[in-house]
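K.L.:
target_35.csv is reproduced below (CSV, C-alpha atoms).
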```csv
chain,number,residue,atom,x,y,z
A,1,MET,CA,-34.6,-4.2,-16.3
A,2,LYS,CA,-32.7,-3.9,-19.6
A,3,ILE,CA,-30.2,-1.0,-19.7
A,4,THR,CA,-29.7,0.6,-23.1
A,5,GLN,CA,-26.7,2.6,-24.2
A,6,ARG,CA,-28.9,5.7,-24.5
A,7,ARG,CA,-30.0,5.3,-20.9
A,8,TYR,CA,-26.4,4.6,-19.8
A,9,GLU,CA,-25.2,7.8,-21.6
A,10,HIS,CA,-27.8,9.8,-19.8
A,11,PHE,CA,-26.8,8.3,-16.5
A,12,LYS,CA,-23.1,9.0,-17.1
A,13,ASP,CA,-24.0,12.7,-17.6
A,14,SER,CA,-25.5,12.7,-14.1
A,15,ILE,CA,-22.6,11.0,-12.2
A,16,GLU,CA,-20.8,14.1,-11.1
A,17,GLU,CA,-24.1,15.6,-9.9
A,18,LEU,CA,-24.8,12.4,-8.0
A,19,ILE,CA,-21.4,12.5,-6.4
A,20,SER,CA,-21.9,16.1,-5.3
A,21,ARG,CA,-25.3,15.2,-3.8
A,22,TYR,CA,-23.8,12.2,-2.0
A,23,ARG,CA,-21.1,14.3,-0.5
A,24,GLU,CA,-23.6,17.0,0.6
A,25,GLU,CA,-25.9,14.4,2.2
A,26,PHE,CA,-23.6,11.8,3.6
A,27,SER,CA,-20.1,13.1,3.9
A,28,LEU,CA,-19.2,14.2,7.5
A,29,PRO,CA,-16.6,16.9,8.2
A,30,ILE,CA,-13.3,15.4,9.3
A,31,SER,CA,-12.0,16.8,12.5
A,32,THR,CA,-8.8,15.3,14.0
A,33,ASP,CA,-8.5,15.1,17.8
A,34,TRP,CA,-4.7,15.5,17.9
A,35,GLY,CA,-4.6,14.2,21.5
A,36,ASP,CA,-6.2,10.9,20.4
A,37,TYR,CA,-4.0,10.8,17.3
A,38,GLU,CA,-0.8,11.2,19.4
A,39,PHE,CA,-1.9,8.6,21.9
A,40,SER,CA,-2.8,6.1,19.1
A,41,TYR,CA,0.5,6.8,17.3
A,42,LYS,CA,2.5,6.3,20.5
A,43,GLN,CA,0.7,2.9,21.3
A,44,ARG,CA,1.3,1.7,17.7
A,45,MET,CA,5.0,2.7,17.8
A,46,LYS,CA,5.5,1.0,21.2
A,47,GLY,CA,3.7,-2.1,20.0
A,48,MET,CA,5.9,-2.3,17.0
A,49,ALA,CA,9.1,-1.7,19.0
A,50,LEU,CA,8.2,-4.5,21.5
A,51,GLU,CA,7.6,-7.1,18.8
A,52,LEU,CA,9.9,-6.1,15.9
A,53,ARG,CA,12.9,-8.1,16.9
A,54,ALA,CA,10.8,-11.2,17.6
A,55,MET,CA,9.0,-10.9,14.3
A,56,ILE,CA,12.3,-10.5,12.5
A,57,ASP,CA,13.6,-13.7,14.2
A,58,GLU,CA,10.5,-15.6,13.1
A,59,SER,CA,10.6,-14.2,9.5
A,60,SER,CA,14.3,-15.1,9.2
A,61,SER,CA,14.0,-18.6,10.6
A,62,ILE,CA,13.7,-20.2,7.2
A,63,VAL,CA,16.5,-18.1,5.6
A,64,VAL,CA,19.6,-20.1,4.8
A,65,ASP,CA,23.0,-19.0,6.1
A,66,GLU,CA,25.1,-16.8,3.9
A,67,PHE,CA,28.0,-18.4,2.0
A,68,GLY,CA,31.4,-17.0,1.4
A,69,ARG,CA,33.1,-14.4,3.5
A,70,HIS,CA,31.4,-13.8,6.9
A,71,PRO,CA,29.4,-10.6,6.6
A,72,LEU,CA,29.8,-7.7,9.0
A,73,LEU,CA,26.1,-7.9,9.9
A,74,ASN,CA,24.0,-11.0,10.1
A,75,ALA,CA,20.6,-11.1,8.2
A,76,LYS,CA,18.5,-10.1,11.3
A,77,GLU,CA,20.7,-7.2,12.1
A,78,LYS,CA,20.5,-6.0,8.5
A,79,VAL,CA,16.7,-6.0,8.5
A,80,PHE,CA,16.5,-4.4,11.9
A,81,LEU,CA,18.9,-1.6,10.8
A,82,ILE,CA,17.1,-0.9,7.5
A,83,LEU,CA,13.7,-0.6,9.2
A,84,VAL,CA,14.9,1.6,11.9
A,85,LYS,CA,16.7,3.8,9.3
A,86,GLU,CA,13.4,4.1,7.4
A,87,ILE,CA,11.3,4.9,10.5
A,88,PHE,CA,13.6,7.6,11.7
A,89,ARG,CA,14.6,8.8,8.2
A,90,LEU,CA,18.3,8.4,8.9
A,91,SER,CA,21.0,9.0,6.3
A,92,ASN,CA,23.3,6.1,5.5
A,93,ARG,CA,26.1,7.7,7.4
A,94,LYS,CA,24.0,8.4,10.5
A,95,ALA,CA,22.6,4.9,10.5
A,96,ALA,CA,26.1,3.5,10.4
A,97,TYR,CA,27.3,5.7,13.2
A,98,LEU,CA,24.3,4.9,15.4
A,99,LEU,CA,24.7,1.1,15.4
A,100,PRO,CA,25.9,1.0,19.1
A,101,LEU,CA,22.7,2.9,20.1
A,102,LEU,CA,20.8,0.1,18.4
A,103,GLY,CA,22.7,-2.6,20.4
A,104,ILE,CA,24.8,-3.6,17.5
A,105,GLU,CA,28.5,-3.3,18.4
A,106,LYS,CA,30.0,-3.4,14.9
A,107,ASP,CA,31.8,-0.9,12.8
A,108,ILE,CA,30.4,-0.5,9.2
A,109,SER,CA,30.6,2.2,6.5
A,110,TYR,CA,27.7,4.1,5.0
A,111,LYS,CA,28.3,2.1,1.8
A,112,THR,CA,27.5,-1.1,3.7
A,113,VAL,CA,24.2,0.5,4.8
A,114,GLU,CA,23.3,1.4,1.2
A,115,ARG,CA,24.0,-2.1,0.0
A,116,LEU,CA,21.5,-3.5,2.4
A,117,TYR,CA,18.7,-2.3,0.0
A,118,SER,CA,19.8,-4.8,-2.6
A,119,ASP,CA,20.7,-7.8,-0.3
A,120,PRO,CA,18.7,-10.8,-1.4
A,121,LEU,CA,18.4,-12.1,2.2
A,122,VAL,CA,17.1,-8.7,3.4
A,123,LEU,CA,14.5,-8.7,0.6
A,124,MET,CA,13.3,-12.2,1.5
A,125,ILE,CA,12.9,-11.4,5.2
A,126,LEU,CA,11.1,-8.1,4.5
A,127,ASN,CA,8.6,-10.0,2.3
A,128,ASN,CA,8.2,-12.7,5.1
A,129,LEU,CA,7.6,-9.9,7.6
A,130,PHE,CA,4.8,-8.5,5.4
A,131,VAL,CA,3.1,-11.9,5.0
A,132,SER,CA,3.5,-12.6,8.8
A,133,SER,CA,1.8,-9.2,9.6
A,134,VAL,CA,-1.2,-10.2,7.6
A,135,GLU,CA,-1.4,-13.7,9.0
A,136,ARG,CA,-1.1,-12.4,12.6
A,137,LYS,CA,-4.1,-10.3,12.1
A,138,GLY,CA,-6.0,-13.4,11.0
A,139,ILE,CA,-7.0,-11.9,7.6
A,140,SER,CA,-8.0,-14.7,5.2
A,141,SER,CA,-10.8,-12.9,3.3
A,142,SER,CA,-11.1,-9.2,2.9
A,143,ASP,CA,-13.2,-6.3,1.7
A,144,THR,CA,-10.6,-4.0,0.2
A,145,SER,CA,-9.8,-0.6,-1.2
A,146,GLY,CA,-7.0,-0.2,-3.7
A,147,ASP,CA,-5.0,2.9,-4.6
A,148,GLY,CA,-1.6,4.0,-5.6
A,149,THR,CA,0.7,6.8,-4.7
A,150,GLY,CA,4.2,8.1,-5.5
A,151,TYR,CA,7.3,8.8,-3.5
A,152,SER,CA,9.3,11.7,-4.8
A,153,LEU,CA,13.0,11.2,-5.8
A,154,THR,CA,13.9,14.9,-5.5
A,155,VAL,CA,11.7,17.5,-3.9
A,156,THR,CA,8.3,16.8,-2.6
A,157,LYS,CA,5.5,17.4,-5.1
A,158,HIS,CA,1.8,16.5,-4.9
A,159,TYR,CA,1.6,13.1,-6.6
A,160,ARG,CA,-1.8,13.5,-8.2
A,161,SER,CA,-0.5,16.6,-10.0
A,162,PHE,CA,2.4,14.7,-11.6
A,163,ARG,CA,1.0,11.2,-11.8
A,164,GLU,CA,2.9,8.9,-14.1
A,165,LYS,CA,5.6,11.4,-14.9
A,166,GLU,CA,8.6,9.2,-15.7
A,167,GLY,CA,11.6,9.7,-13.4
A,168,LYS,CA,9.8,11.8,-10.8
A,169,PHE,CA,8.5,9.1,-8.5
A,170,VAL,CA,8.8,5.6,-7.2
A,171,TYR,CA,5.2,4.2,-7.5
A,172,SER,CA,3.5,2.1,-4.9
A,173,PHE,CA,0.1,0.4,-4.9
A,174,ALA,CA,-1.7,-0.9,-1.8
A,175,LEU,CA,-4.7,-3.1,-1.3
A,176,MET,CA,-6.1,-2.2,2.1
A,177,ASP,CA,-8.3,-4.4,4.3
A,178,LEU,CA,-11.1,-2.0,5.3
A,179,GLU,CA,-11.8,-3.6,8.7
A,180,THR,CA,-8.2,-3.6,10.0
A,181,ARG,CA,-6.7,-0.9,7.7
A,182,MET,CA,-3.8,-3.3,7.1
A,183,TYR,CA,-2.3,-3.6,3.7
A,184,VAL,CA,-3.0,-7.2,2.4
A,185,GLY,CA,-1.2,-6.6,-0.9
A,186,TYR,CA,1.6,-4.1,-1.5
A,187,ALA,CA,4.1,-3.5,-4.2
A,188,VAL,CA,6.5,-0.8,-5.6
A,189,SER,CA,7.7,-0.1,-9.1
A,190,VAL,CA,10.0,2.5,-10.7
A,191,LYS,CA,8.1,2.0,-14.0
A,192,SER,CA,4.5,3.0,-13.3
A,193,GLU,CA,1.7,2.8,-10.8
A,194,MET,CA,0.0,0.2,-13.0
A,195,ASP,CA,3.1,-2.0,-12.8
A,196,ALA,CA,2.9,-1.8,-9.0
A,197,TYR,CA,-0.8,-2.6,-9.1
A,198,HIS,CA,-0.1,-5.9,-11.0
A,199,LYS,CA,2.7,-6.8,-8.6
A,200,ALA,CA,0.4,-6.2,-5.7
A,201,LEU,CA,-2.2,-8.6,-7.2
A,202,GLU,CA,0.5,-11.2,-7.7
A,203,MET,CA,1.3,-10.9,-4.0
A,204,ILE,CA,-2.4,-11.4,-3.2
A,205,GLY,CA,-2.4,-14.5,-5.4
A,206,ARG,CA,0.6,-16.0,-3.6
A,207,MET,CA,-1.0,-15.4,-0.2
A,208,ARG,CA,-4.2,-17.0,-1.5
A,209,LEU,CA,-6.4,-14.3,0.1
A,210,ASP,CA,-10.1,-14.2,-0.8
A,211,LEU,CA,-11.0,-10.7,-2.0
A,212,LYS,CA,-14.7,-10.3,-1.3
A,213,SER,CA,-14.8,-6.7,-2.7
A,214,ILE,CA,-12.6,-4.0,-4.0
A,215,ARG,CA,-12.9,-0.3,-4.7
A,216,LEU,CA,-10.7,1.4,-7.3
A,217,ASP,CA,-10.4,5.0,-8.6
A,218,LYS,CA,-10.9,6.2,-12.2
A,219,TYR,CA,-7.4,5.3,-13.2
A,220,TYR,CA,-8.5,1.6,-13.0
A,221,SER,CA,-12.1,2.0,-14.3
A,222,GLY,CA,-12.0,0.3,-17.6
A,223,GLN,CA,-13.8,-3.0,-18.3
A,224,SER,CA,-10.5,-4.9,-18.6
A,225,ILE,CA,-10.0,-4.5,-14.9
A,226,LEU,CA,-12.7,-7.2,-14.3
A,227,GLU,CA,-10.2,-9.8,-15.7
A,228,ASP,CA,-8.0,-9.2,-12.7
A,229,PHE,CA,-10.5,-10.5,-10.2
A,230,ASN,CA,-12.6,-13.7,-9.9
A,231,GLU,CA,-16.4,-13.9,-10.3
A,232,ASN,CA,-17.0,-13.7,-6.5
A,233,THR,CA,-15.2,-10.3,-6.0
A,234,ARG,CA,-17.6,-7.4,-6.0
A,235,ILE,CA,-16.1,-4.4,-7.8
A,236,PHE,CA,-16.9,-0.8,-7.1
A,237,LEU,CA,-15.6,1.9,-9.5
A,238,ILE,CA,-16.7,5.0,-11.4
A,239,PRO,CA,-16.8,4.1,-15.1
A,240,LYS,CA,-14.8,6.2,-17.5
A,241,SER,CA,-16.7,8.8,-19.6
A,242,ASN,CA,-16.2,6.9,-22.8
A,243,SER,CA,-17.2,3.5,-21.4
A,244,ARG,CA,-20.1,1.5,-23.0
A,245,ILE,CA,-22.7,-0.8,-21.5
A,246,ARG,CA,-21.8,-3.5,-24.0
A,247,GLY,CA,-19.4,-6.0,-22.5
A,248,LYS,CA,-19.2,-8.8,-20.0
A,249,ARG,CA,-22.2,-9.6,-17.8
A,250,ARG,CA,-20.2,-8.6,-14.6
A,251,TRP,CA,-19.7,-5.2,-16.1
A,252,ARG,CA,-23.4,-4.8,-17.0
A,253,ASP,CA,-24.4,-6.0,-13.5
A,254,MET,CA,-22.2,-3.5,-11.9
A,255,ILE,CA,-23.6,-0.6,-14.0
A,256,ARG,CA,-27.1,-1.8,-13.3
A,257,GLN,CA,-26.4,-1.7,-9.5
A,258,PHE,CA,-25.0,1.8,-9.9
A,259,ILE,CA,-28.0,3.1,-11.9
A,260,GLU,CA,-30.7,1.5,-9.7
A,261,ASP,CA,-29.3,2.5,-6.3
A,262,PRO,CA,-26.6,5.2,-6.8
A,263,MET,CA,-26.4,6.4,-3.2
A,264,ASN,CA,-25.7,2.9,-1.8
A,265,TYR,CA,-23.3,2.2,-4.6
A,266,LEU,CA,-21.4,5.5,-3.8
A,267,ARG,CA,-21.4,4.7,-0.1
A,268,GLU,CA,-19.5,1.5,-0.9
A,269,TYR,CA,-17.3,3.2,-3.5
A,270,PHE,CA,-16.2,6.0,-1.2
A,271,LYS,CA,-14.9,3.6,1.4
A,272,ARG,CA,-11.8,3.8,-0.7
A,273,ASN,CA,-11.0,7.1,1.0
A,274,ALA,CA,-9.4,4.9,3.7
A,275,SER,CA,-6.6,4.2,1.2
A,276,GLU,CA,-5.9,7.9,0.8
A,277,SER,CA,-5.8,8.3,4.6
A,278,GLY,CA,-3.4,5.3,4.8
A,279,PHE,CA,-1.0,6.9,2.4
A,280,SER,CA,-1.2,10.2,4.2
A,281,SER,CA,-0.3,8.4,7.4
A,282,ASP,CA,2.6,6.6,5.8
A,283,LYS,CA,4.1,9.8,4.5
A,284,ARG,CA,3.8,11.4,7.9
A,285,THR,CA,5.6,8.4,9.5
A,286,THR,CA,8.4,7.7,7.0
A,287,GLY,CA,8.4,10.7,4.8
A,288,GLY,CA,7.5,11.3,1.1
A,289,LEU,CA,11.0,11.1,-0.3
A,290,ILE,CA,13.2,8.2,-1.4
A,291,TYR,CA,16.9,8.8,-1.4
A,292,GLN,CA,18.3,5.6,-3.0
A,293,ARG,CA,19.6,5.8,-6.6
A,294,ARG,CA,19.6,2.3,-7.9
A,295,LYS,CA,16.3,0.9,-9.2
A,296,ASP,CA,16.2,-2.1,-6.9
A,297,ARG,CA,17.2,-0.1,-3.9
A,298,LYS,CA,14.5,2.5,-4.6
A,299,GLU,CA,11.9,-0.2,-4.7
A,300,THR,CA,13.2,-1.8,-1.4
A,301,SER,CA,12.9,1.6,0.3
A,302,GLY,CA,9.3,2.0,-0.9
A,303,PHE,CA,8.4,-1.5,0.2
A,304,CYS,CA,9.7,-0.7,3.7
A,305,LYS,CA,7.1,2.1,3.9
A,306,GLY,CA,4.2,-0.3,3.3
A,307,LEU,CA,5.7,-2.9,5.7
A,308,ILE,CA,6.1,-0.3,8.5
A,309,HIS,CA,2.4,0.7,7.9
A,310,ASN,CA,1.4,-2.9,8.8
A,311,LEU,CA,3.9,-3.3,11.7
A,312,MET,CA,2.5,-0.2,13.3
A,313,LEU,CA,-1.1,-1.6,13.1
A,314,MET,CA,-0.3,-4.9,14.7
A,315,HIS,CA,-1.5,-3.4,18.0
A,316,GLY,CA,-4.0,-0.9,16.4
```
Could the structure of this file be written out as structure tokens, please?
P.N.:
Amino acid sequence: MKITQRRYEHFKDSIEELISRYREEFSLPISTDWGDYEFSYKQRMKGMALELRAMIDESSSIVVDEFGRHPLLNAKEKVFLILVKEIFRLSNRKAAYLLPLLGIEKDISYKTVERLYSDPLVLMILNNLFVSSVERKGISSSDTSGDGTGYSLTVTKHYRSFREKEGKFVYSFALMDLETRMYVGYAVSVKSEMDAYHKALEMIGRMRLDLKSIRLDKYYSGQSILEDFNENTRIFLIPKSNSRIRGKRRWRDMIRQFIEDPMNYLREYFKRNASESGFSSDKRTTGGLIYQRRKDRKETSGFCKGLIHNLMLMHG
């Protein structure tokens, strides 16, 4: 059936009503069994603790030795320290003082801990760890949900209320595999959420993952977003209010699917709620604040949050 602009305009006017109806008919009340949550959290933390050092060893196996003056910490110790610091939200000083408790009998200053966030070897191993976490889950193709969030640089504020306010947040974007809840693409930017989005897609490209489908919120709902995915990726989004039916065939096909079967379309679209739940869990685990001051160090801290999300799901 041919869809005219007039019919499309009429349909757009009804989208909010359709969403309300969908929520009334199909949305289930969320009730958290805190006993189950605590048990699951404990198992995930234990699983990560048991395998973290082995995974760091594996991910650092291809890293070349450092040249010049022998460093106080080797590359594996640096990565282990920075991840433990992020998990337990330690200050630089406290992390430096607690090294013996972590089995590292070395004396370093808090400034050394801060410099870990810009160490090229640390960044390489962290990236390898992320890729390894996806590979260990056996994810080669994925139905995904994509969303962004912000980590505050000062006091905690609700990100959606201050989205894209320059200087207030470190932005992250995550592509989540809906079956495993793992992040298959993750990136951080001090510039904008959109910049983090493009970096996350670059990561997906390097990993050569097959994206079977993706769900994105209204921030990404322009026609141009279709250019970021191949013809085989099904895209679910809510079109912007000023969008038009005229455009590429993929865009018209998506609109037609939405118009002809809105409840099933919305059922697919709202699977993206998993992304919001993921970010909520991340902030409960590692906090919603980033304390580093340099641009590159802020981004490293943000990347650790996404990596820890995956490490905790290795046994989940």
K.L.:
I need the residue nearest A:Arg297 from this list: A:Tyr41, A:Tyr97, A:Phe80, A:Tyr117. Use only C-alpha atoms for the distance.
P.N.:
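With only C-alpha atoms as the atom set, the closest residue is A:Tyr117.
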K.L.:
Skip A:Lys76 itself and residues of its chain fewer than 4 positions away, then list as an mmCIF file with C-alpha atoms, in the coordinates of the input all residues within 7 Å of it, counting all atoms listed in the file.
P.N.:
```cif
data_model
loop_
_atom_site.group_PDB
_atom_site.id
_atom_site.type_symbol
_atom_site.label_atom_id
_atom_site.label_comp_id
_atom_site.auth_asym_id
_atom_site.auth_seq_id
_atom_site.Cartn_x
_atom_site.Cartn_y
_atom_site.Cartn_z
ATOM 1 C CA ILE A 56 12.300 -10.500 12.500
ATOM 2 C CA ASP A 57 13.600 -13.700 14.200
ATOM 3 C CA SER A 60 14.300 -15.100 9.200
ATOM 4 C CA PHE A 80 16.500 -4.400 11.900
#
```
K.L.:
Between A:Tyr186, A:Tyr22, A:Phe173, A:Trp34, single out the one closest to A:Glu276, counting only C-alpha atoms.
P.N.:
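Of all the options, A:Phe173 lies closest to A:Glu276.
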K.L.:
Rounded to one decimal, what separation in Å do you get between atom CA of A:Val131 and atom CA of A:Leu153?
P.N.:
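Those two atoms sit 27.4 Å apart.
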K.L.:
Tell me which of A:Val184, A:Leu311, A:Ala174, A:Leu72 sits closest to A:Arg208, counting only C-alpha atoms.
P.N.:
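The answer is A:Val184, which sits nearest to A:Arg208.
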